[in-house]
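What follows is one structure encoded as structure tokens, with my remarks underneath.
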Amino acid sequence: MTTCLMKLCRLLCCALTLPLTLMERTGLCGVYKRLFPFLAYNITFSYNAKTHGIKRELFRNVGSFASSDGTLRLLEIGCGSGANFRFYPGGCTVTCTDPNPHFSSYLRRSMADNTHLTYEEFMVVSGENMEEGGAFFFLEHVVSDPSSWTYFFQHVLEPVWYYLGDGCMITRATWKDLEAAGFSELHLKQVEAPGVTSLIRPHIMGFSIK
């Protein structure tokens with residue numbers, strides 16, 4: 001019964017977002033793609049404050065993956081406005097990627113605020129291939145437990161969230177993809193991000209080695 005209700009409610013949300021779907025397919029969502037980086041940049045400050053402890057724990061051993069000459073190169077996939085820069089060890093070199101090109105001006109602001117890092121290019125791509133022996137650090141919001149109301153509302157509201165979040169999905173079980181990716185090592189745990197909306201409170205964090 002709950003599953004049927006969830007599907008019905010999701011269908012209604014899909015109907016409500018039909019104009020947005022048409023705008024996306026005809027290229028008329030460009031204005032919001034320019035606005036979203038501004039929103040994300042300003043949300044970053046409160047999000048970092050709420051997840052400070054989690055991020056400190058996640059990135060505390062990044063420096064252990066430096067090369068034999070002491071250099072450390074980081075590739076950030078989906079860098080957004082540079083929310084993670086403050087948590088990276090000093091002296092490392094960061095290359096940024098994001099599918100939204102309009103993050104570039106906000107990235108420059110974050111770079112100016114984090115002069116302990118060296119920055120290379122900003123590439124407008126969704127991702128890059130990982131080198132052998134490289135480490136992949138992740139902190140991602142994921143789908144909730146199927147028995148929870150959060151799971152219900154994640155599935156119902158995802159059509160709306162997709163457009164508000166510039167293509168962000170809130171029903172992904174990303175840990176399954178990581179487990180199936182064939183990493184030589186995978187260190188993963190599930191956490192609850194404190195102080196954020198329940199729709200994106202379930203997170204996974206950790207790192208893997210190729």
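Order determines the names: the first chain of the structure tokens is A, the second B, and so forth; residues in each chain are numbered 1 upward, and ligands are numbered 1 upward as they are shown.
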Given only C-alpha atoms, how would the per-residue table for stretch 107-166 of chain A near stretch 175-193 of chain A read, listing every residue at most 12 Å away with its closest atom pair and distance in Å to one decimal, sorted by chain and number, as a tab-separated table?
```
residue	atom	partner	partner_atom	distance
A:Met130	CA	A:Phe183	CA	10.8
A:Glu131	CA	A:Phe183	CA	11.6
A:Glu132	CA	A:Phe183	CA	10.0
A:Gly133	CA	A:Ser184	CA	9.0
A:Gly134	CA	A:Phe183	CA	10.2
A:Ala135	CA	A:Glu185	CA	9.2
A:Phe136	CA	A:Leu186	CA	9.3
A:Phe137	CA	A:His187	CA	9.4
A:Phe138	CA	A:Leu188	CA	8.9
A:Leu139	CA	A:Val191	CA	9.5
A:Glu140	CA	A:Trp175	CA	9.3
A:His141	CA	A:Ala193	CA	8.5
A:Val142	CA	A:Trp175	CA	8.3
A:Val143	CA	A:Trp175	CA	9.9
A:Ser144	CA	A:Glu192	CA	10.1
A:Asp145	CA	A:Gln190	CA	11.1
```
A straight line from atom CA of A:Ser148 to atom CA of A:Glu57 spans 27.2 Å
* **Long-range neighbours of A:Leu8 as number ranges by chain, 12 Å cut-off, only C-alpha atoms, 4 positions minimum in chain** => A: 1-4, 12-15, 152-153, 155-157
One decimal place gives the atom CA of A:His116-atom CA of A:Gly90 separation as 4.8 Å
